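Reproduced below: work.csv, with CSV, N, CA and C atoms.
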```csv
chain,number,residue,atom,x,y,z
A,1,GLY,N,14.7,8.9,43.3
A,1,GLY,CA,13.3,9.3,43.5
A,1,GLY,C,12.4,9.0,42.3
A,2,CYS,N,11.2,9.4,42.4
A,2,CYS,CA,10.2,9.1,41.3
A,2,CYS,C,9.8,10.4,40.6
A,3,ASP,N,10.8,11.3,40.4
A,3,ASP,CA,10.6,12.6,39.8
A,3,ASP,C,10.2,12.5,38.3
A,4,SER,N,9.0,12.8,38.0
A,4,SER,CA,8.5,12.6,36.6
A,4,SER,C,8.7,13.8,35.7
A,5,GLN,N,9.3,14.9,36.3
A,5,GLN,CA,9.5,16.1,35.5
A,5,GLN,C,10.3,15.9,34.2
A,6,PRO,N,11.5,15.3,34.2
A,6,PRO,CA,12.3,15.2,33.0
A,6,PRO,C,11.5,14.5,31.9
A,7,ALA,N,10.7,13.4,32.2
A,7,ALA,CA,9.9,12.7,31.3
A,7,ALA,C,8.9,13.6,30.6
A,8,ALA,N,8.3,14.5,31.4
A,8,ALA,CA,7.3,15.4,30.9
A,8,ALA,C,7.9,16.4,29.9
A,9,LYS,N,9.1,16.8,30.2
A,9,LYS,CA,9.8,17.8,29.3
A,9,LYS,C,10.1,17.1,28.0
A,10,THR,N,10.5,15.8,28.0
A,10,THR,CA,10.9,15.1,26.8
A,10,THR,C,9.6,15.0,25.9
A,11,GLN,N,8.5,14.7,26.6
A,11,GLN,CA,7.2,14.5,25.8
A,11,GLN,C,6.9,15.8,25.1
A,12,VAL,N,7.1,17.0,25.7
A,12,VAL,CA,6.8,18.2,25.1
A,12,VAL,C,7.7,18.5,23.9
A,13,ALA,N,8.9,18.1,24.0
A,13,ALA,CA,9.9,18.3,22.9
A,13,ALA,C,9.5,17.4,21.7
A,14,ALA,N,9.1,16.2,22.1
A,14,ALA,CA,8.7,15.2,21.0
A,14,ALA,C,7.4,15.7,20.3
A,15,ALA,N,6.5,16.3,21.1
A,15,ALA,CA,5.3,16.8,20.5
A,15,ALA,C,5.6,17.9,19.5
A,16,LYS,N,6.6,18.7,19.8
A,16,LYS,CA,6.9,19.8,18.9
A,16,LYS,C,7.5,19.3,17.6
A,17,ALA,N,8.2,18.2,17.7
A,17,ALA,CA,8.9,17.6,16.5
A,17,ALA,C,7.9,16.8,15.6
A,18,ALA,N,6.7,16.6,16.1
A,18,ALA,CA,5.8,15.7,15.4
A,18,ALA,C,5.4,16.4,14.1
A,19,PRO,N,5.0,15.6,13.1
A,19,PRO,CA,4.5,16.2,11.8
A,19,PRO,C,3.4,17.1,12.0
A,20,ASP,N,3.2,18.0,11.1
A,20,ASP,CA,2.2,19.1,11.2
A,20,ASP,C,0.9,18.6,10.8
A,21,ASN,N,0.0,18.2,11.7
A,21,ASN,CA,-1.3,17.8,11.4
A,21,ASN,C,-2.3,18.8,11.9
A,22,THR,N,-1.9,20.1,11.8
A,22,THR,CA,-2.6,21.2,12.4
A,22,THR,C,-4.1,21.1,12.2
A,23,GLU,N,-4.5,21.0,10.9
A,23,GLU,CA,-6.0,21.1,10.6
A,23,GLU,C,-6.7,19.9,11.3
A,24,LYS,N,-6.1,18.7,11.3
A,24,LYS,CA,-6.7,17.6,11.9
A,24,LYS,C,-6.8,17.7,13.4
A,25,ASN,N,-5.9,18.4,14.0
A,25,ASN,CA,-5.8,18.5,15.4
A,25,ASN,C,-6.6,19.7,16.0
A,26,VAL,N,-7.1,20.6,15.1
A,26,VAL,CA,-7.7,21.8,15.6
A,26,VAL,C,-8.9,21.4,16.5
A,27,ARG,N,-9.8,20.5,16.0
A,27,ARG,CA,-11.0,20.2,16.8
A,27,ARG,C,-10.6,19.5,18.1
A,28,ASP,N,-9.5,18.8,18.1
A,28,ASP,CA,-9.1,18.1,19.3
A,28,ASP,C,-8.6,19.1,20.3
A,29,ARG,N,-8.0,20.2,19.9
A,29,ARG,CA,-7.4,21.1,20.8
A,29,ARG,C,-8.4,22.0,21.5
A,30,SER,N,-9.7,22.0,21.0
A,30,SER,CA,-10.7,22.9,21.6
A,30,SER,C,-10.9,22.7,23.1
A,31,GLY,N,-10.5,21.5,23.6
A,31,GLY,CA,-10.6,21.2,25.0
A,31,GLY,C,-11.9,20.6,25.3
A,32,ALA,N,-12.9,20.7,24.4
A,32,ALA,CA,-14.2,20.1,24.6
A,32,ALA,C,-14.2,18.6,24.3
A,33,THR,N,-13.3,18.2,23.4
A,33,THR,CA,-13.2,16.8,23.1
A,33,THR,C,-11.9,16.2,23.7
A,34,LEU,N,-12.0,15.0,24.2
A,34,LEU,CA,-10.9,14.4,24.8
A,34,LEU,C,-10.0,13.8,23.7
A,35,THR,N,-8.7,13.8,23.9
A,35,THR,CA,-7.8,13.2,22.9
A,35,THR,C,-7.0,12.1,23.7
A,36,PRO,N,-6.3,11.2,23.0
A,36,PRO,CA,-5.5,10.2,23.7
A,36,PRO,C,-4.6,10.8,24.8
A,37,GLY,N,-4.2,12.0,24.6
A,37,GLY,CA,-3.4,12.7,25.6
A,37,GLY,C,-4.1,12.9,26.9
A,38,ASP,N,-5.4,12.8,26.9
A,38,ASP,CA,-6.2,12.9,28.1
A,38,ASP,C,-6.4,11.5,28.8
A,39,GLN,N,-5.8,10.5,28.2
A,39,GLN,CA,-5.9,9.2,28.9
A,39,GLN,C,-5.3,9.3,30.3
A,40,SER,N,-5.9,8.8,31.3
A,40,SER,CA,-5.4,8.9,32.6
A,40,SER,C,-4.3,7.9,32.8
A,41,GLU,N,-3.4,8.2,33.7
A,41,GLU,CA,-2.3,7.3,34.0
A,41,GLU,C,-2.6,6.3,35.0
A,42,SER,N,-3.8,6.4,35.6
A,42,SER,CA,-4.2,5.4,36.7
A,42,SER,C,-4.3,4.0,36.1
A,43,ALA,N,-3.8,3.1,36.9
A,43,ALA,CA,-3.7,1.7,36.5
A,43,ALA,C,-5.1,1.2,36.1
A,44,ALA,N,-6.1,1.6,36.9
A,44,ALA,CA,-7.5,1.1,36.7
A,44,ALA,C,-8.0,1.6,35.3
A,45,ASP,N,-7.7,2.9,35.0
A,45,ASP,CA,-8.2,3.5,33.7
A,45,ASP,C,-7.5,2.8,32.6
A,46,ILE,N,-6.2,2.6,32.7
A,46,ILE,CA,-5.4,1.9,31.6
A,46,ILE,C,-5.9,0.5,31.4
A,47,ALA,N,-6.2,-0.2,32.5
A,47,ALA,CA,-6.8,-1.5,32.4
A,47,ALA,C,-8.1,-1.6,31.7
A,48,LEU,N,-9.0,-0.6,32.0
A,48,LEU,CA,-10.3,-0.5,31.3
A,48,LEU,C,-10.1,-0.3,29.8
A,49,THR,N,-9.2,0.7,29.5
A,49,THR,CA,-9.0,0.9,28.1
A,49,THR,C,-8.5,-0.3,27.3
A,50,GLN,N,-7.6,-1.0,28.0
A,50,GLN,CA,-7.1,-2.3,27.4
A,50,GLN,C,-8.1,-3.3,27.2
A,51,GLN,N,-9.0,-3.5,28.2
A,51,GLN,CA,-10.0,-4.5,28.1
A,51,GLN,C,-11.0,-4.2,27.0
A,52,ILE,N,-11.4,-2.9,26.9
A,52,ILE,CA,-12.3,-2.6,25.8
A,52,ILE,C,-11.6,-2.7,24.5
A,53,ARG,N,-10.4,-2.3,24.4
A,53,ARG,CA,-9.7,-2.4,23.1
A,53,ARG,C,-9.6,-3.9,22.7
A,54,GLN,N,-9.3,-4.8,23.6
A,54,GLN,CA,-9.3,-6.2,23.3
A,54,GLN,C,-10.6,-6.8,22.9
A,55,ALA,N,-11.7,-6.3,23.5
A,55,ALA,CA,-13.0,-6.8,23.1
A,55,ALA,C,-13.4,-6.3,21.7
A,56,VAL,N,-13.0,-5.1,21.4
A,56,VAL,CA,-13.3,-4.5,20.1
A,56,VAL,C,-12.5,-5.2,19.0
A,57,VAL,N,-11.2,-5.4,19.2
A,57,VAL,CA,-10.3,-6.0,18.2
A,57,VAL,C,-10.7,-7.5,18.1
A,58,ALA,N,-11.1,-8.1,19.1
A,58,ALA,CA,-11.5,-9.6,19.0
A,58,ALA,C,-12.7,-9.8,18.2
A,59,ASP,N,-13.5,-8.8,17.9
A,59,ASP,CA,-14.7,-8.9,17.1
A,59,ASP,C,-14.4,-8.8,15.6
A,60,ALA,N,-14.3,-9.9,15.0
A,60,ALA,CA,-13.9,-10.0,13.6
A,60,ALA,C,-14.9,-9.4,12.6
A,61,ALA,N,-16.2,-9.2,13.1
A,61,ALA,CA,-17.2,-8.6,12.3
A,61,ALA,C,-17.1,-7.1,12.1
A,62,LEU,N,-16.3,-6.5,13.0
A,62,LEU,CA,-16.1,-5.0,12.9
A,62,LEU,C,-15.1,-4.6,11.8
A,63,SER,N,-15.3,-3.5,11.3
A,63,SER,CA,-14.4,-2.9,10.2
A,63,SER,C,-13.0,-2.5,10.8
A,64,THR,N,-12.1,-2.3,10.0
A,64,THR,CA,-10.8,-1.9,10.4
A,64,THR,C,-10.9,-0.5,11.1
A,65,ASN,N,-11.7,0.4,10.6
A,65,ASN,CA,-11.9,1.6,11.3
A,65,ASN,C,-12.4,1.4,12.7
A,66,ALA,N,-13.4,0.5,12.9
A,66,ALA,CA,-14.0,0.2,14.2
A,66,ALA,C,-12.9,-0.3,15.1
A,67,HIS,N,-12.0,-1.2,14.6
A,67,HIS,CA,-10.9,-1.8,15.4
A,67,HIS,C,-10.0,-0.7,15.9
A,68,ASN,N,-9.9,0.4,15.2
A,68,ASN,CA,-9.0,1.5,15.5
A,68,ASN,C,-9.6,2.7,16.2
A,69,VAL,N,-10.8,2.6,16.7
A,69,VAL,CA,-11.4,3.8,17.3
A,69,VAL,C,-10.6,4.2,18.5
A,70,LYS,N,-10.7,5.4,18.9
A,70,LYS,CA,-10.0,5.9,20.1
A,70,LYS,C,-10.8,5.5,21.3
A,71,ILE,N,-10.1,5.0,22.3
A,71,ILE,CA,-10.8,4.6,23.6
A,71,ILE,C,-10.0,5.3,24.6
A,72,ILE,N,-10.6,6.3,25.3
A,72,ILE,CA,-9.9,7.2,26.2
A,72,ILE,C,-10.7,7.0,27.6
A,73,THR,N,-9.9,6.6,28.6
A,73,THR,CA,-10.6,6.4,29.9
A,73,THR,C,-10.0,7.4,30.9
A,74,SER,N,-10.8,8.1,31.6
A,74,SER,CA,-10.3,9.0,32.6
A,74,SER,C,-11.3,9.0,33.8
A,75,ASN,N,-10.8,8.6,34.9
A,75,ASN,CA,-11.6,8.5,36.2
A,75,ASN,C,-12.7,7.5,36.0
A,76,GLY,N,-12.5,6.5,35.3
A,76,GLY,CA,-13.5,5.4,35.1
A,76,GLY,C,-14.5,5.7,34.0
A,77,VAL,N,-14.4,6.9,33.4
A,77,VAL,CA,-15.4,7.3,32.3
A,77,VAL,C,-14.7,7.0,31.0
A,78,VAL,N,-15.3,6.3,30.1
A,78,VAL,CA,-14.7,5.9,28.8
A,78,VAL,C,-15.3,6.7,27.7
A,79,THR,N,-14.5,7.4,26.9
A,79,THR,CA,-14.9,8.1,25.8
A,79,THR,C,-14.5,7.4,24.5
A,80,LEU,N,-15.5,7.1,23.6
A,80,LEU,CA,-15.2,6.4,22.4
A,80,LEU,C,-15.2,7.5,21.3
A,81,ARG,N,-14.2,7.5,20.4
A,81,ARG,CA,-14.1,8.5,19.4
A,81,ARG,C,-13.6,7.8,18.1
A,82,GLY,N,-14.0,8.4,17.0
A,82,GLY,CA,-13.5,8.0,15.7
A,82,GLY,C,-14.5,7.5,14.8
A,83,PRO,N,-14.2,7.2,13.5
A,83,PRO,CA,-15.2,6.8,12.5
A,83,PRO,C,-15.4,5.3,12.6
A,84,VAL,N,-16.7,4.9,12.4
A,84,VAL,CA,-17.0,3.5,12.2
A,84,VAL,C,-17.9,3.4,11.0
A,85,ALA,N,-18.1,2.1,10.5
A,85,ALA,CA,-18.7,1.9,9.2
A,85,ALA,C,-20.2,2.1,9.3
A,86,SER,N,-20.9,1.9,10.4
A,86,SER,CA,-22.3,1.9,10.4
A,86,SER,C,-22.9,2.1,11.8
A,87,ALA,N,-24.1,2.4,11.9
A,87,ALA,CA,-24.8,2.6,13.2
A,87,ALA,C,-24.7,1.3,14.0
A,88,GLN,N,-24.8,0.2,13.3
A,88,GLN,CA,-24.6,-1.1,14.0
A,88,GLN,C,-23.3,-1.2,14.7
A,89,GLU,N,-22.2,-0.8,14.0
A,89,GLU,CA,-20.9,-0.9,14.6
A,89,GLU,C,-20.8,0.0,15.8
A,90,LYS,N,-21.4,1.2,15.7
A,90,LYS,CA,-21.4,2.2,16.8
A,90,LYS,C,-22.0,1.6,18.0
A,91,ALA,N,-23.2,1.0,17.8
A,91,ALA,CA,-24.0,0.4,18.9
A,91,ALA,C,-23.2,-0.8,19.5
A,92,ASN,N,-22.6,-1.6,18.6
A,92,ASN,CA,-21.8,-2.8,19.0
A,92,ASN,C,-20.7,-2.4,19.9
A,93,ILE,N,-19.9,-1.4,19.5
A,93,ILE,CA,-18.7,-1.0,20.3
A,93,ILE,C,-19.2,-0.3,21.6
A,94,ASP,N,-20.3,0.4,21.6
A,94,ASP,CA,-20.9,1.1,22.7
A,94,ASP,C,-21.3,0.0,23.7
A,95,ALA,N,-21.9,-1.1,23.3
A,95,ALA,CA,-22.3,-2.2,24.1
A,95,ALA,C,-21.1,-2.9,24.8
A,96,LYS,N,-20.1,-3.1,24.0
A,96,LYS,CA,-18.9,-3.7,24.6
A,96,LYS,C,-18.3,-2.8,25.7
A,97,ALA,N,-18.2,-1.5,25.4
A,97,ALA,CA,-17.6,-0.6,26.4
A,97,ALA,C,-18.5,-0.6,27.7
A,98,GLN,N,-19.8,-0.6,27.5
A,98,GLN,CA,-20.7,-0.5,28.6
A,98,GLN,C,-20.6,-1.8,29.5
A,99,GLN,N,-20.4,-2.9,28.8
A,99,GLN,CA,-20.3,-4.2,29.5
A,99,GLN,C,-19.1,-4.2,30.4
A,100,ILE,N,-18.0,-3.6,29.9
A,100,ILE,CA,-16.8,-3.6,30.7
A,100,ILE,C,-16.7,-2.4,31.7
A,101,ALA,N,-17.1,-1.2,31.3
A,101,ALA,CA,-17.0,0.0,32.2
A,101,ALA,C,-18.2,0.3,33.0
A,102,GLY,N,-19.4,-0.2,32.5
A,102,GLY,CA,-20.6,0.2,33.2
A,102,GLY,C,-21.4,1.1,32.3
A,103,ALA,N,-22.7,0.9,32.3
A,103,ALA,CA,-23.6,1.6,31.4
A,103,ALA,C,-23.6,3.1,31.5
A,104,THR,N,-23.4,3.6,32.7
A,104,THR,CA,-23.4,5.1,32.9
A,104,THR,C,-22.0,5.7,32.6
A,105,LYS,N,-21.0,4.9,32.3
A,105,LYS,CA,-19.7,5.4,32.3
A,105,LYS,C,-19.1,5.5,30.8
A,106,VAL,N,-20.0,5.4,29.8
A,106,VAL,CA,-19.5,5.5,28.5
A,106,VAL,C,-20.1,6.7,27.7
A,107,LYS,N,-19.2,7.5,27.2
A,107,LYS,CA,-19.6,8.6,26.3
A,107,LYS,C,-19.3,8.2,24.9
A,108,ASN,N,-20.3,7.9,24.1
A,108,ASN,CA,-20.1,7.4,22.7
A,108,ASN,C,-20.1,8.6,21.8
A,109,GLU,N,-18.9,9.0,21.3
A,109,GLU,CA,-18.7,10.1,20.3
A,109,GLU,C,-18.3,9.5,19.0
A,110,LEU,N,-18.6,8.2,18.8
A,110,LEU,CA,-18.2,7.6,17.5
A,110,LEU,C,-19.0,8.3,16.4
A,111,GLU,N,-18.4,8.4,15.2
A,111,GLU,CA,-19.0,9.0,14.0
A,111,GLU,C,-19.2,7.9,13.0
A,112,ILE,N,-20.3,7.9,12.3
A,112,ILE,CA,-20.6,7.0,11.2
A,112,ILE,C,-20.0,7.6,10.0
A,113,ALA,N,-19.0,6.9,9.4
A,113,ALA,CA,-18.2,7.5,8.3
A,113,ALA,C,-19.1,7.3,7.0
A,114,ALA,N,-19.1,8.3,6.2
A,114,ALA,CA,-19.8,8.1,4.9
A,114,ALA,C,-18.9,7.4,4.0
A,115,ASN,N,-19.4,6.3,3.4
A,115,ASN,CA,-18.5,5.5,2.5
A,115,ASN,C,-18.3,6.2,1.2
```
In structure tokens, write the structure found in this file.
Amino acid sequence: GCDSQPAAKTQVAAAKAAPDNTEKNVRDRSGATLTPGDQSESAADIALTQQIRQAVVADAALSTNAHNVKIITSNGVVTLRGPVASAQEKANIDAKAQQIAGATKVKNELEIAAN
């Protein structure tokens, strides 16, 4: 059968063994902000995330931080999170995501990092 319970249990155990990033994770745990754990398992959402990731990484003008932003897709809605170098990068990544997911489907939570 296709029983996914054992896999779920292993993930929980792995999470407990993870290094202690408590402070870093506090804001993510509030529930108000999506984390990569909220990435949907639906094939369509995974495909959207991958397409946006590829578009972002393919843009050599973007900083390393920009290439590494979190892209979380759930039910066709894409949330962008993480630090980028400038307002220009934030707008650039937002535009890429909107081209792929649709203009009304992107929540841009990117932060402009102070250098």
- So how far away is atom CA of A:Val78 from atom N of A:Ala43, in Å?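 Interatomic distance here is 13.9 Å.
Distances to A:Glu41 were evaluated for A:Ala97, A:Lys107, A:Gly82, A:Ser74 using all atoms listed in the file, and the minimum falls at A:Ser74.
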- Selection near stretch 110-114 of chain A, 7 Å with only C-alpha atoms, sequence-local residues under 2 positions removed, as a ChimeraX atom specification: /A:80-87,90,108
- What is the distance, in Å and to one decimal place, between atom N of A:Gln88 and atom C of A:Gly76? 23.8 Å
- How many Å lie between atom C of A:Gln98 and atom N of A:Thr64, rounded to one decimal?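 So the two atoms, atom C of A:Gln98 and atom N of A:Thr64, lie 21.3 Å apart.
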- Message: So, with only N, CA and C atoms as the atoms that count, which of A:Ala66, A:Asn92, A:Gln99, A:Ile71 lies closest to A:Gln50?
- Response: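 Closest to A:Gln50, using only N, CA and C atoms: A:Ile71.
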- Check the smallest atom-to-atom distance from each of A:Val69, A:Ile100, A:Val106, A:Ala61 to A:Leu48 using only C-alpha atoms, then report the winner. A:Ile100
- Hey, which of A:Ser63, A:Gln51, A:Thr73, A:Asn68 ends up closest to A:Lys105? Count only C-alpha atoms.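 Using only C-alpha atoms, the shortest distance to A:Lys105 belongs to A:Thr73.
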Using all atoms listed in the file, determine which residues lie at most 7 Å from A:Val56, disregarding the query and same-chain residues fewer than 3 positions distant; provide the list as a PDB file with N, CA and C atoms, keeping the file's coordinate frame.
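The file below, selection-v4.pdb, is the result:
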```
ATOM      1  N   GLN A  51      -9.000  -3.500  28.200  1.00  0.00           N
ATOM      2  CA  GLN A  51     -10.000  -4.500  28.100  1.00  0.00           C
ATOM      3  C   GLN A  51     -11.000  -4.200  27.000  1.00  0.00           C
ATOM      4  N   ILE A  52     -11.400  -2.900  26.900  1.00  0.00           N
ATOM      5  CA  ILE A  52     -12.300  -2.600  25.800  1.00  0.00           C
ATOM      6  C   ILE A  52     -11.600  -2.700  24.500  1.00  0.00           C
ATOM      7  N   ARG A  53     -10.400  -2.300  24.400  1.00  0.00           N
ATOM      8  CA  ARG A  53      -9.700  -2.400  23.100  1.00  0.00           C
ATOM      9  C   ARG A  53      -9.600  -3.900  22.700  1.00  0.00           C
ATOM     10  N   ASP A  59     -13.500  -8.800  17.900  1.00  0.00           N
ATOM     11  CA  ASP A  59     -14.700  -8.900  17.100  1.00  0.00           C
ATOM     12  C   ASP A  59     -14.400  -8.800  15.600  1.00  0.00           C
ATOM     13  N   ALA A  60     -14.300  -9.900  15.000  1.00  0.00           N
ATOM     14  CA  ALA A  60     -13.900 -10.000  13.600  1.00  0.00           C
ATOM     15  C   ALA A  60     -14.900  -9.400  12.600  1.00  0.00           C
ATOM     16  N   ALA A  66     -13.400   0.500  12.900  1.00  0.00           N
ATOM     17  CA  ALA A  66     -14.000   0.200  14.200  1.00  0.00           C
ATOM     18  C   ALA A  66     -12.900  -0.300  15.100  1.00  0.00           C
ATOM     19  N   HIS A  67     -12.000  -1.200  14.600  1.00  0.00           N
ATOM     20  CA  HIS A  67     -10.900  -1.800  15.400  1.00  0.00           C
ATOM     21  C   HIS A  67     -10.000  -0.700  15.900  1.00  0.00           C
ATOM     22  N   ILE A  93     -19.900  -1.400  19.500  1.00  0.00           N
ATOM     23  CA  ILE A  93     -18.700  -1.000  20.300  1.00  0.00           C
ATOM     24  C   ILE A  93     -19.200  -0.300  21.600  1.00  0.00           C
ATOM     25  N   LYS A  96     -20.100  -3.100  24.000  1.00  0.00           N
ATOM     26  CA  LYS A  96     -18.900  -3.700  24.600  1.00  0.00           C
ATOM     27  C   LYS A  96     -18.300  -2.800  25.700  1.00  0.00           C
TER      28      LYS A  96
END
```
